[in-house]
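Undergrad: Structure: upload.txt, compact mmCIF, N, CA and C atoms and all ligand atoms.
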# COMPACT_ATOMS: atom_id res chain seq x y z
N MET K 601 71.36 57.54 187.26
CA MET K 601 70.47 56.38 187.32
C MET K 601 69.08 56.77 186.82
N PRO K 602 68.59 56.17 185.72
CA PRO K 602 67.24 56.51 185.26
C PRO K 602 66.18 56.05 186.26
N LYS K 603 65.28 56.96 186.57
CA LYS K 603 64.18 56.64 187.49
C LYS K 603 62.91 56.50 186.68
N ILE K 604 62.30 55.34 186.78
CA ILE K 604 61.24 54.94 185.86
C ILE K 604 59.91 54.72 186.58
N ALA K 605 58.83 55.09 185.89
CA ALA K 605 57.49 54.66 186.28
C ALA K 605 56.90 53.86 185.12
N ILE K 606 56.27 52.76 185.43
CA ILE K 606 55.60 51.96 184.40
C ILE K 606 54.09 52.13 184.56
N VAL K 607 53.42 52.40 183.43
CA VAL K 607 51.96 52.50 183.42
C VAL K 607 51.43 51.37 182.55
N GLY K 608 50.62 50.50 183.16
CA GLY K 608 50.05 49.37 182.44
C GLY K 608 48.59 49.59 182.11
N CYS K 609 48.02 48.61 181.43
CA CYS K 609 46.61 48.64 181.03
C CYS K 609 45.75 48.14 182.19
N LYS K 610 44.87 48.99 182.67
CA LYS K 610 44.02 48.62 183.81
C LYS K 610 43.24 47.33 183.55
N ARG K 611 42.87 47.12 182.31
CA ARG K 611 42.02 45.95 182.00
C ARG K 611 42.78 44.63 182.02
N ILE K 612 44.08 44.67 181.70
CA ILE K 612 44.79 43.38 181.57
C ILE K 612 46.06 43.28 182.40
N GLN K 613 46.40 44.35 183.12
CA GLN K 613 47.59 44.28 183.97
C GLN K 613 47.38 43.21 185.03
N ASP K 614 48.43 42.47 185.30
CA ASP K 614 48.39 41.37 186.27
C ASP K 614 47.55 40.20 185.76
N GLN K 615 47.16 40.27 184.50
CA GLN K 615 46.46 39.13 183.88
C GLN K 615 47.24 38.69 182.65
N LEU K 616 47.66 39.67 181.84
CA LEU K 616 48.54 39.35 180.71
C LEU K 616 49.85 38.78 181.26
N CYS K 617 50.38 39.41 182.27
CA CYS K 617 51.59 38.93 182.95
C CYS K 617 51.27 38.93 184.44
N ILE K 618 51.12 37.76 185.02
CA ILE K 618 50.73 37.68 186.42
C ILE K 618 51.78 38.34 187.31
N ALA K 619 51.28 39.17 188.20
CA ALA K 619 52.11 39.87 189.19
C ALA K 619 53.15 40.79 188.54
N CYS K 620 52.95 41.10 187.27
CA CYS K 620 53.87 42.00 186.55
C CYS K 620 55.32 41.54 186.61
N GLU K 621 55.50 40.22 186.68
CA GLU K 621 56.87 39.71 186.81
C GLU K 621 57.69 39.97 185.55
N LYS K 622 57.02 40.07 184.39
CA LYS K 622 57.79 40.27 183.16
C LYS K 622 58.44 41.65 183.10
N CYS K 623 57.68 42.68 183.45
CA CYS K 623 58.28 44.02 183.47
C CYS K 623 59.37 44.10 184.54
N LEU K 624 59.12 43.48 185.68
CA LEU K 624 60.11 43.53 186.75
C LEU K 624 61.41 42.85 186.32
N LYS K 625 61.28 41.74 185.59
CA LYS K 625 62.49 41.09 185.08
C LYS K 625 63.20 41.99 184.07
N ALA K 626 62.43 42.54 183.13
CA ALA K 626 63.03 43.37 182.07
C ALA K 626 63.77 44.56 182.66
N VAL K 627 63.20 45.17 183.70
CA VAL K 627 63.89 46.27 184.37
C VAL K 627 65.19 45.76 184.99
N SER K 628 65.10 44.61 185.63
CA SER K 628 66.25 44.07 186.36
C SER K 628 67.42 43.75 185.44
N VAL K 629 67.13 43.17 184.27
CA VAL K 629 68.23 42.75 183.37
C VAL K 629 68.36 43.68 182.15
N LYS K 630 67.57 44.73 182.13
CA LYS K 630 67.59 45.73 181.04
C LYS K 630 67.33 45.09 179.68
N ASP K 631 66.21 44.40 179.59
CA ASP K 631 65.74 43.83 178.33
C ASP K 631 64.72 44.76 177.69
N GLY K 632 64.37 44.45 176.46
CA GLY K 632 63.30 45.17 175.77
C GLY K 632 63.59 46.66 175.70
N GLU K 633 62.59 47.45 176.02
CA GLU K 633 62.74 48.91 175.94
C GLU K 633 63.63 49.48 177.04
N PHE K 634 64.04 48.62 177.97
CA PHE K 634 64.95 49.09 179.03
C PHE K 634 66.42 48.92 178.63
N ALA K 635 66.65 48.29 177.47
CA ALA K 635 68.03 48.08 177.01
C ALA K 635 68.69 49.41 176.65
N ARG K 636 67.90 50.45 176.48
CA ARG K 636 68.43 51.77 176.09
C ARG K 636 69.22 52.44 177.22
N TYR K 637 69.07 51.96 178.44
CA TYR K 637 69.73 52.63 179.57
C TYR K 637 71.06 51.96 179.90
N ASP K 638 72.09 52.77 180.07
CA ASP K 638 73.40 52.25 180.43
C ASP K 638 73.49 51.97 181.92
N ASP K 639 72.89 52.86 182.70
CA ASP K 639 73.01 52.75 184.16
C ASP K 639 71.94 51.82 184.72
N GLU K 640 72.13 51.49 185.96
CA GLU K 640 71.14 50.69 186.68
C GLU K 640 69.83 51.50 186.76
N ILE K 641 68.72 50.80 186.61
CA ILE K 641 67.41 51.47 186.59
C ILE K 641 66.79 51.41 187.98
N GLU K 642 66.20 52.51 188.37
CA GLU K 642 65.40 52.48 189.59
C GLU K 642 63.93 52.53 189.20
N LEU K 643 63.18 51.48 189.55
CA LEU K 643 61.75 51.45 189.29
C LEU K 643 61.03 52.11 190.46
N VAL K 644 60.45 53.28 190.19
CA VAL K 644 59.85 54.09 191.25
C VAL K 644 58.36 53.79 191.41
N ALA K 645 57.69 53.49 190.29
CA ALA K 645 56.24 53.28 190.35
C ALA K 645 55.81 52.27 189.29
N LEU K 646 54.82 51.46 189.65
CA LEU K 646 54.25 50.49 188.70
C LEU K 646 52.74 50.50 188.93
N GLY K 647 52.01 51.15 188.02
CA GLY K 647 50.57 51.29 188.21
C GLY K 647 49.81 51.08 186.92
N ASN K 648 48.59 51.55 186.88
CA ASN K 648 47.80 51.36 185.66
C ASN K 648 47.31 52.70 185.12
N CYS K 649 46.70 52.61 183.94
CA CYS K 649 46.35 53.81 183.16
C CYS K 649 45.13 54.57 183.70
N GLY K 650 44.42 53.97 184.65
CA GLY K 650 43.22 54.63 185.17
C GLY K 650 41.94 54.18 184.49
N ASP K 651 42.06 53.29 183.53
CA ASP K 651 40.92 52.65 182.84
C ASP K 651 40.47 53.40 181.58
N CYS K 652 39.66 52.72 180.81
CA CYS K 652 39.06 53.27 179.60
C CYS K 652 38.04 54.33 180.02
N PRO K 653 37.70 55.28 179.16
CA PRO K 653 38.16 55.38 177.77
C PRO K 653 39.43 56.20 177.59
N GLY K 654 40.16 56.42 178.65
CA GLY K 654 41.39 57.19 178.48
C GLY K 654 41.58 58.17 179.61
N LEU K 655 41.71 57.62 180.82
CA LEU K 655 41.88 58.47 182.00
C LEU K 655 43.35 58.59 182.39
N ILE K 656 44.19 58.38 181.43
CA ILE K 656 45.62 58.28 181.75
C ILE K 656 46.21 59.61 182.22
N MET K 657 45.79 60.73 181.68
CA MET K 657 46.39 62.00 182.11
C MET K 657 46.02 62.35 183.56
N PRO K 658 44.75 62.21 183.96
CA PRO K 658 44.47 62.41 185.39
C PRO K 658 45.27 61.44 186.27
N LYS K 659 45.43 60.21 185.79
CA LYS K 659 46.17 59.23 186.59
C LYS K 659 47.64 59.63 186.71
N ILE K 660 48.23 60.05 185.61
CA ILE K 660 49.64 60.47 185.65
C ILE K 660 49.79 61.72 186.54
N THR K 661 48.80 62.59 186.51
CA THR K 661 48.84 63.77 187.38
C THR K 661 48.86 63.36 188.85
N LEU K 662 48.04 62.40 189.20
CA LEU K 662 48.03 61.89 190.58
C LEU K 662 49.36 61.22 190.93
N MET K 663 49.89 60.46 189.98
CA MET K 663 51.19 59.83 190.21
C MET K 663 52.25 60.88 190.49
N GLU K 664 52.21 61.95 189.73
CA GLU K 664 53.18 63.05 189.91
C GLU K 664 53.06 63.66 191.30
N GLU K 665 51.82 63.90 191.70
CA GLU K 665 51.59 64.54 193.00
C GLU K 665 52.13 63.66 194.13
N ILE K 666 51.85 62.37 194.04
CA ILE K 666 52.29 61.46 195.10
C ILE K 666 53.82 61.34 195.10
N ALA K 667 54.40 61.21 193.89
CA ALA K 667 55.86 61.09 193.80
C ALA K 667 56.54 62.30 194.45
N LYS K 668 56.00 63.48 194.17
CA LYS K 668 56.58 64.70 194.77
C LYS K 668 56.39 64.70 196.29
N SER K 669 55.19 64.32 196.71
CA SER K 669 54.88 64.42 198.14
C SER K 669 55.72 63.48 198.99
N ILE K 670 56.18 62.38 198.40
CA ILE K 670 56.99 61.44 199.19
C ILE K 670 58.47 61.51 198.81
N GLY K 671 58.81 62.48 197.94
CA GLY K 671 60.22 62.65 197.58
C GLY K 671 60.77 61.51 196.76
N ARG K 672 59.94 60.93 195.88
CA ARG K 672 60.37 59.80 195.04
C ARG K 672 60.00 60.10 193.59
N GLU K 673 60.59 61.13 193.04
CA GLU K 673 60.24 61.53 191.67
C GLU K 673 60.91 60.63 190.65
N TYR K 674 60.32 60.53 189.48
CA TYR K 674 60.86 59.72 188.38
C TYR K 674 61.02 60.61 187.15
N ASP K 675 61.83 60.11 186.21
CA ASP K 675 62.18 60.92 185.03
C ASP K 675 61.42 60.48 183.78
N ILE K 676 61.11 59.21 183.69
CA ILE K 676 60.60 58.64 182.45
C ILE K 676 59.42 57.72 182.76
N ILE K 677 58.40 57.80 181.91
CA ILE K 677 57.25 56.90 182.03
C ILE K 677 57.30 55.91 180.86
N HIS K 678 57.26 54.63 181.18
CA HIS K 678 57.12 53.60 180.15
C HIS K 678 55.67 53.13 180.11
N LEU K 679 55.08 53.13 178.95
CA LEU K 679 53.78 52.50 178.78
C LEU K 679 54.04 51.01 178.58
N GLY K 680 53.41 50.19 179.40
CA GLY K 680 53.69 48.76 179.40
C GLY K 680 53.37 48.07 178.07
N THR K 681 54.00 46.95 177.88
CA THR K 681 53.70 46.11 176.71
C THR K 681 52.22 45.73 176.71
N CYS K 682 51.61 45.65 177.89
CA CYS K 682 50.17 45.37 177.95
C CYS K 682 49.36 46.50 177.31
N VAL K 683 49.81 47.74 177.47
CA VAL K 683 49.13 48.87 176.83
C VAL K 683 49.30 48.78 175.31
N VAL K 684 50.50 48.44 174.89
CA VAL K 684 50.77 48.32 173.45
C VAL K 684 49.87 47.22 172.85
N LYS K 685 49.73 46.11 173.58
CA LYS K 685 48.88 45.01 173.10
C LYS K 685 47.42 45.42 173.08
N ALA K 686 47.00 46.17 174.10
CA ALA K 686 45.61 46.63 174.14
C ALA K 686 45.30 47.52 172.94
N LYS K 687 46.29 48.28 172.54
CA LYS K 687 46.12 49.18 171.39
C LYS K 687 46.11 48.39 170.08
N LYS K 688 47.02 47.42 169.98
CA LYS K 688 47.16 46.68 168.72
C LYS K 688 46.05 45.66 168.52
N THR K 689 45.65 45.00 169.60
CA THR K 689 44.73 43.88 169.44
C THR K 689 43.36 44.12 170.05
N GLY K 690 43.21 45.19 170.84
CA GLY K 690 41.91 45.51 171.43
C GLY K 690 41.38 46.82 170.88
N GLN K 691 40.67 47.50 171.69
CA GLN K 691 40.10 48.77 171.25
C GLN K 691 40.55 49.90 172.16
N CYS K 692 41.80 49.84 172.55
CA CYS K 692 42.35 50.88 173.43
C CYS K 692 42.29 52.24 172.72
N PRO K 693 41.70 53.25 173.37
CA PRO K 693 41.56 54.55 172.74
C PRO K 693 42.77 55.47 172.90
N LEU K 694 43.80 55.03 173.60
CA LEU K 694 44.92 55.93 173.87
C LEU K 694 45.65 56.32 172.59
N ASP K 695 46.03 57.60 172.55
CA ASP K 695 46.83 58.13 171.45
C ASP K 695 48.24 58.36 172.01
N PHE K 696 49.16 57.48 171.67
CA PHE K 696 50.48 57.52 172.30
C PHE K 696 51.21 58.83 172.02
N ASP K 697 51.10 59.33 170.80
CA ASP K 697 51.80 60.58 170.47
C ASP K 697 51.24 61.75 171.28
N LYS K 698 49.92 61.75 171.43
CA LYS K 698 49.30 62.82 172.21
C LYS K 698 49.73 62.74 173.68
N ILE K 699 49.79 61.53 174.21
CA ILE K 699 50.22 61.36 175.59
C ILE K 699 51.66 61.85 175.76
N LYS K 700 52.51 61.49 174.80
CA LYS K 700 53.92 61.95 174.87
C LYS K 700 53.98 63.46 174.93
N THR K 701 53.21 64.12 174.06
CA THR K 701 53.21 65.59 174.01
C THR K 701 52.68 66.18 175.31
N LEU K 702 51.57 65.66 175.80
CA LEU K 702 50.96 66.20 177.03
C LEU K 702 51.87 66.01 178.24
N VAL K 703 52.50 64.86 178.33
CA VAL K 703 53.38 64.60 179.48
C VAL K 703 54.59 65.52 179.41
N LYS K 704 55.12 65.71 178.21
CA LYS K 704 56.27 66.62 178.04
C LYS K 704 55.87 68.05 178.41
N GLU K 705 54.74 68.48 177.90
CA GLU K 705 54.29 69.87 178.15
C GLU K 705 53.96 70.11 179.62
N ASN K 706 53.30 69.16 180.23
CA ASN K 706 52.81 69.35 181.60
C ASN K 706 53.83 69.01 182.67
N PHE K 707 54.66 68.01 182.40
CA PHE K 707 55.55 67.53 183.46
C PHE K 707 57.02 67.52 183.06
N GLY K 708 57.30 67.83 181.79
CA GLY K 708 58.69 67.85 181.32
C GLY K 708 59.34 66.48 181.32
N LYS K 709 58.52 65.44 181.18
CA LYS K 709 59.06 64.07 181.22
C LYS K 709 58.84 63.34 179.90
N GLU K 710 59.70 62.34 179.69
CA GLU K 710 59.59 61.54 178.47
C GLU K 710 58.65 60.36 178.69
N VAL K 711 57.99 59.96 177.61
CA VAL K 711 57.20 58.73 177.61
C VAL K 711 57.80 57.77 176.59
N VAL K 712 58.07 56.56 177.03
CA VAL K 712 58.56 55.52 176.13
C VAL K 712 57.44 54.49 175.96
N VAL K 713 57.18 54.11 174.72
CA VAL K 713 56.11 53.14 174.45
C VAL K 713 56.69 51.73 174.51
N GLY K 714 56.28 50.98 175.51
CA GLY K 714 56.68 49.58 175.61
C GLY K 714 57.60 49.33 176.79
N THR K 715 57.66 48.05 177.13
CA THR K 715 58.53 47.61 178.24
C THR K 715 59.26 46.32 177.84
N HIS K 716 58.71 45.17 178.20
CA HIS K 716 59.42 43.91 177.91
C HIS K 716 59.01 43.30 176.57
N ASN K 717 59.79 42.33 176.13
CA ASN K 717 59.47 41.62 174.88
C ASN K 717 59.20 40.14 175.11
N TYR K 718 58.83 39.76 176.34
CA TYR K 718 58.69 38.33 176.63
C TYR K 718 57.37 37.75 176.13
S1 LIG O 1 53.39 44.52 180.40
FE1 LIG O 1 54.33 45.03 182.35
S2 LIG O 1 52.84 46.37 183.36
FE2 LIG O 1 51.76 45.26 181.74
S3 LIG O 1 50.90 43.42 182.74
FE3 LIG O 1 52.88 42.87 181.83
S4 LIG O 1 54.36 43.09 183.48
FE4 LIG O 1 52.51 44.26 184.08
S1 LIG O 2 42.46 49.52 176.88
FE1 LIG O 2 43.79 51.36 176.94
S2 LIG O 2 42.61 52.95 178.03
FE2 LIG O 2 41.60 50.96 178.39
S3 LIG O 2 42.42 50.21 180.32
FE3 LIG O 2 43.74 49.38 178.70
S4 LIG O 2 45.42 50.84 178.34
FE4 LIG O 2 43.82 51.85 179.57
Go ahead and express the file in the form of C-alpha cells.
Ligand code: SF4
Ligand code: SF4
TA:
Amino acid sequence: MPKIAIVGCKRIQDQLCIACEKCLKAVSVKDGEFARYDDEIELVALGNCGDCPGLIMPKITLMEEIAKSIGREYDIIHLGTCVVKAKKTGQCPLDFDKIKTLVKENFGKEVVVGTHNY
C-alpha cells in the first residue's frame, strides 16, 4: 500500500480548493497523479510547503521527524496541483528537480509533481 504525503502551496492551499477536497477525492478514487498506484493509497499527511521563498526542505524535515516519532512514516511526497499552479502562473521559486534530488538524497523518498486534475 503506497503511503503518501501531500505538500501544498502555503499561499493558496485551502483557497484554490476549499478544504483540500480535490486532493482527497483524487486519492480516494486514484485520479490524476494517483492513477499510477495499483494498490489502495494511504494518505498519511496533508500540509503545506512552509511558505515563500522556499522553505520546503525544512518543512519536509519536520514532517519526517514527526512521522517517525508517531510511527506513521510515508514513502512518497506529492507536490500538490496548487504548487504546480503557483509555479506556472505565479512566482513560485521552487525548483522541482532540486527538491526531488534533495528529498532522495536526504530521506530516500520519491517526489511526484502534481496531484489531482480537477
Ligand atoms: S491541490 Fe491539493 S493540496 Fe493543493 S489546495 Fe488543492 S486539494 Fe489542497
Ligand atoms: S508560491 Fe511556492 S514557495 Fe511560495 S508558498 Fe506557494 S508553493 Fe510555497
Undergrad: Of the candidates K:Glu633, K:Asp697, K:Glu621, K:Glu710, which one gets nearest to Ile676 in chain K if we count all atoms listed in the file?
TA: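 Smallest separation from Ile676 in chain K among the options: K:Glu710.
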Undergrad: Which residue gives the smallest distance to Lys610 in chain K among K:Val683, K:Val711, K:Ala667, K:Ile699, with all atoms listed in the file counted?
TA: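 Of K:Val683, K:Val711, K:Ala667, K:Ile699, the one nearest Lys610 in chain K is K:Val683, counting all atoms listed in the file.
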Undergrad: Could you list, as a ChimeraX atom specification, all the residues within 12 Å of ligand LIG 2 (chain O), counting only C-alpha atoms and all ligand atoms?
TA: /K:606-616,647-657,659,679-696,699,713-714
Undergrad: In the coordinate frame of the file, compute which residues have an atom within 8 Å of (60.8, 64.6, 181.6) when using only N, CA and C atoms, and state them as a tab-separated table (two decimals) with N, CA and C atoms, in the coordinates of the input.
TA:
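So the final result, stored in out09.tsv, reads:
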chain	number	residue	atom	x	y	z
K	674	TYR	N	60.32	60.53	189.48
K	674	TYR	CA	60.86	59.72	188.38
K	674	TYR	C	61.02	60.61	187.15
K	675	ASP	N	61.83	60.11	186.21
K	675	ASP	CA	62.18	60.92	185.03
K	675	ASP	C	61.42	60.48	183.78
K	676	ILE	N	61.11	59.21	183.69
K	676	ILE	CA	60.60	58.64	182.45
K	676	ILE	C	59.42	57.72	182.76
K	677	ILE	N	58.40	57.80	181.91
K	677	ILE	CA	57.25	56.90	182.03
K	677	ILE	C	57.30	55.91	180.86
K	703	VAL	N	52.50	64.86	178.33
K	703	VAL	CA	53.38	64.60	179.48
K	703	VAL	C	54.59	65.52	179.41
K	704	LYS	N	55.12	65.71	178.21
K	704	LYS	CA	56.27	66.62	178.04
K	704	LYS	C	55.87	68.05	178.41
K	707	PHE	N	54.66	68.01	182.40
K	707	PHE	CA	55.55	67.53	183.46
K	707	PHE	C	57.02	67.52	183.06
K	708	GLY	N	57.30	67.83	181.79
K	708	GLY	CA	58.69	67.85	181.32
K	708	GLY	C	59.34	66.48	181.32
K	709	LYS	N	58.52	65.44	181.18
K	709	LYS	CA	59.06	64.07	181.22
K	709	LYS	C	58.84	63.34	179.90
K	710	GLU	N	59.70	62.34	179.69
K	710	GLU	CA	59.59	61.54	178.47
K	710	GLU	C	58.65	60.36	178.69
K	711	VAL	N	57.99	59.96	177.61
K	711	VAL	CA	57.20	58.73	177.61
K	711	VAL	C	57.80	57.77	176.59
Undergrad: Pull the strand (DSSP E) assignments for chain K out of DSSP run on the backbone, and list those residues as a PDB file with N, CA and C atoms, in the coordinates of the input.
TA:
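For reference, states02.pdb as written:
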ATOM      1  N   LYS K 603      65.280  56.960 186.570  1.00  0.00           N
ATOM      2  CA  LYS K 603      64.180  56.640 187.490  1.00  0.00           C
ATOM      3  C   LYS K 603      62.910  56.500 186.680  1.00  0.00           C
ATOM      4  N   ILE K 604      62.300  55.340 186.780  1.00  0.00           N
ATOM      5  CA  ILE K 604      61.240  54.940 185.860  1.00  0.00           C
ATOM      6  C   ILE K 604      59.910  54.720 186.580  1.00  0.00           C
ATOM      7  N   ALA K 605      58.830  55.090 185.890  1.00  0.00           N
ATOM      8  CA  ALA K 605      57.490  54.660 186.280  1.00  0.00           C
ATOM      9  C   ALA K 605      56.900  53.860 185.120  1.00  0.00           C
ATOM     10  N   ILE K 606      56.270  52.760 185.430  1.00  0.00           N
ATOM     11  CA  ILE K 606      55.600  51.960 184.400  1.00  0.00           C
ATOM     12  C   ILE K 606      54.090  52.130 184.560  1.00  0.00           C
ATOM     13  N   VAL K 607      53.420  52.400 183.430  1.00  0.00           N
ATOM     14  CA  VAL K 607      51.960  52.500 183.420  1.00  0.00           C
ATOM     15  C   VAL K 607      51.430  51.370 182.550  1.00  0.00           C
ATOM     16  N   GLY K 608      50.620  50.500 183.160  1.00  0.00           N
ATOM     17  CA  GLY K 608      50.050  49.370 182.440  1.00  0.00           C
ATOM     18  C   GLY K 608      48.590  49.590 182.110  1.00  0.00           C
ATOM     19  N   GLU K 642      66.200  52.510 188.370  1.00  0.00           N
ATOM     20  CA  GLU K 642      65.400  52.480 189.590  1.00  0.00           C
ATOM     21  C   GLU K 642      63.930  52.530 189.200  1.00  0.00           C
ATOM     22  N   LEU K 643      63.180  51.480 189.550  1.00  0.00           N
ATOM     23  CA  LEU K 643      61.750  51.450 189.290  1.00  0.00           C
ATOM     24  C   LEU K 643      61.030  52.110 190.460  1.00  0.00           C
ATOM     25  N   VAL K 644      60.450  53.280 190.190  1.00  0.00           N
ATOM     26  CA  VAL K 644      59.850  54.090 191.250  1.00  0.00           C
ATOM     27  C   VAL K 644      58.360  53.790 191.410  1.00  0.00           C
ATOM     28  N   ALA K 645      57.690  53.490 190.290  1.00  0.00           N
ATOM     29  CA  ALA K 645      56.240  53.280 190.350  1.00  0.00           C
ATOM     30  C   ALA K 645      55.810  52.270 189.290  1.00  0.00           C
ATOM     31  N   LEU K 646      54.820  51.460 189.650  1.00  0.00           N
ATOM     32  CA  LEU K 646      54.250  50.490 188.700  1.00  0.00           C
ATOM     33  C   LEU K 646      52.740  50.500 188.930  1.00  0.00           C
ATOM     34  N   GLY K 647      52.010  51.150 188.020  1.00  0.00           N
ATOM     35  CA  GLY K 647      50.570  51.290 188.210  1.00  0.00           C
ATOM     36  C   GLY K 647      49.810  51.080 186.920  1.00  0.00           C
ATOM     37  N   ASN K 648      48.590  51.550 186.880  1.00  0.00           N
ATOM     38  CA  ASN K 648      47.800  51.360 185.660  1.00  0.00           C
ATOM     39  C   ASN K 648      47.310  52.700 185.120  1.00  0.00           C
ATOM     40  N   ILE K 676      61.110  59.210 183.690  1.00  0.00           N
ATOM     41  CA  ILE K 676      60.600  58.640 182.450  1.00  0.00           C
ATOM     42  C   ILE K 676      59.420  57.720 182.760  1.00  0.00           C
ATOM     43  N   ILE K 677      58.400  57.800 181.910  1.00  0.00           N
ATOM     44  CA  ILE K 677      57.250  56.900 182.030  1.00  0.00           C
ATOM     45  C   ILE K 677      57.300  55.910 180.860  1.00  0.00           C
ATOM     46  N   HIS K 678      57.260  54.630 181.180  1.00  0.00           N
ATOM     47  CA  HIS K 678      57.120  53.600 180.150  1.00  0.00           C
ATOM     48  C   HIS K 678      55.670  53.130 180.110  1.00  0.00           C
ATOM     49  N   LEU K 679      55.080  53.130 178.950  1.00  0.00           N
ATOM     50  CA  LEU K 679      53.780  52.500 178.780  1.00  0.00           C
ATOM     51  C   LEU K 679      54.040  51.010 178.580  1.00  0.00           C
ATOM     52  N   GLU K 710      59.700  62.340 179.690  1.00  0.00           N
ATOM     53  CA  GLU K 710      59.590  61.540 178.470  1.00  0.00           C
ATOM     54  C   GLU K 710      58.650  60.360 178.690  1.00  0.00           C
ATOM     55  N   VAL K 711      57.990  59.960 177.610  1.00  0.00           N
ATOM     56  CA  VAL K 711      57.200  58.730 177.610  1.00  0.00           C
ATOM     57  C   VAL K 711      57.800  57.770 176.590  1.00  0.00           C
ATOM     58  N   VAL K 712      58.070  56.560 177.030  1.00  0.00           N
ATOM     59  CA  VAL K 712      58.560  55.520 176.130  1.00  0.00           C
ATOM     60  C   VAL K 712      57.440  54.490 175.960  1.00  0.00           C
ATOM     61  N   VAL K 713      57.180  54.110 174.720  1.00  0.00           N
ATOM     62  CA  VAL K 713      56.110  53.140 174.450  1.00  0.00           C
ATOM     63  C   VAL K 713      56.690  51.730 174.510  1.00  0.00           C
TER      64      VAL K 713
END
Undergrad: Using DSSP secondary structure from the backbone, list all helix (DSSP H, G or I) positions within chain K, as a PyMOL selection string.
TA: chain K and resi 618-629+632-634+656-669+681-689+696-707
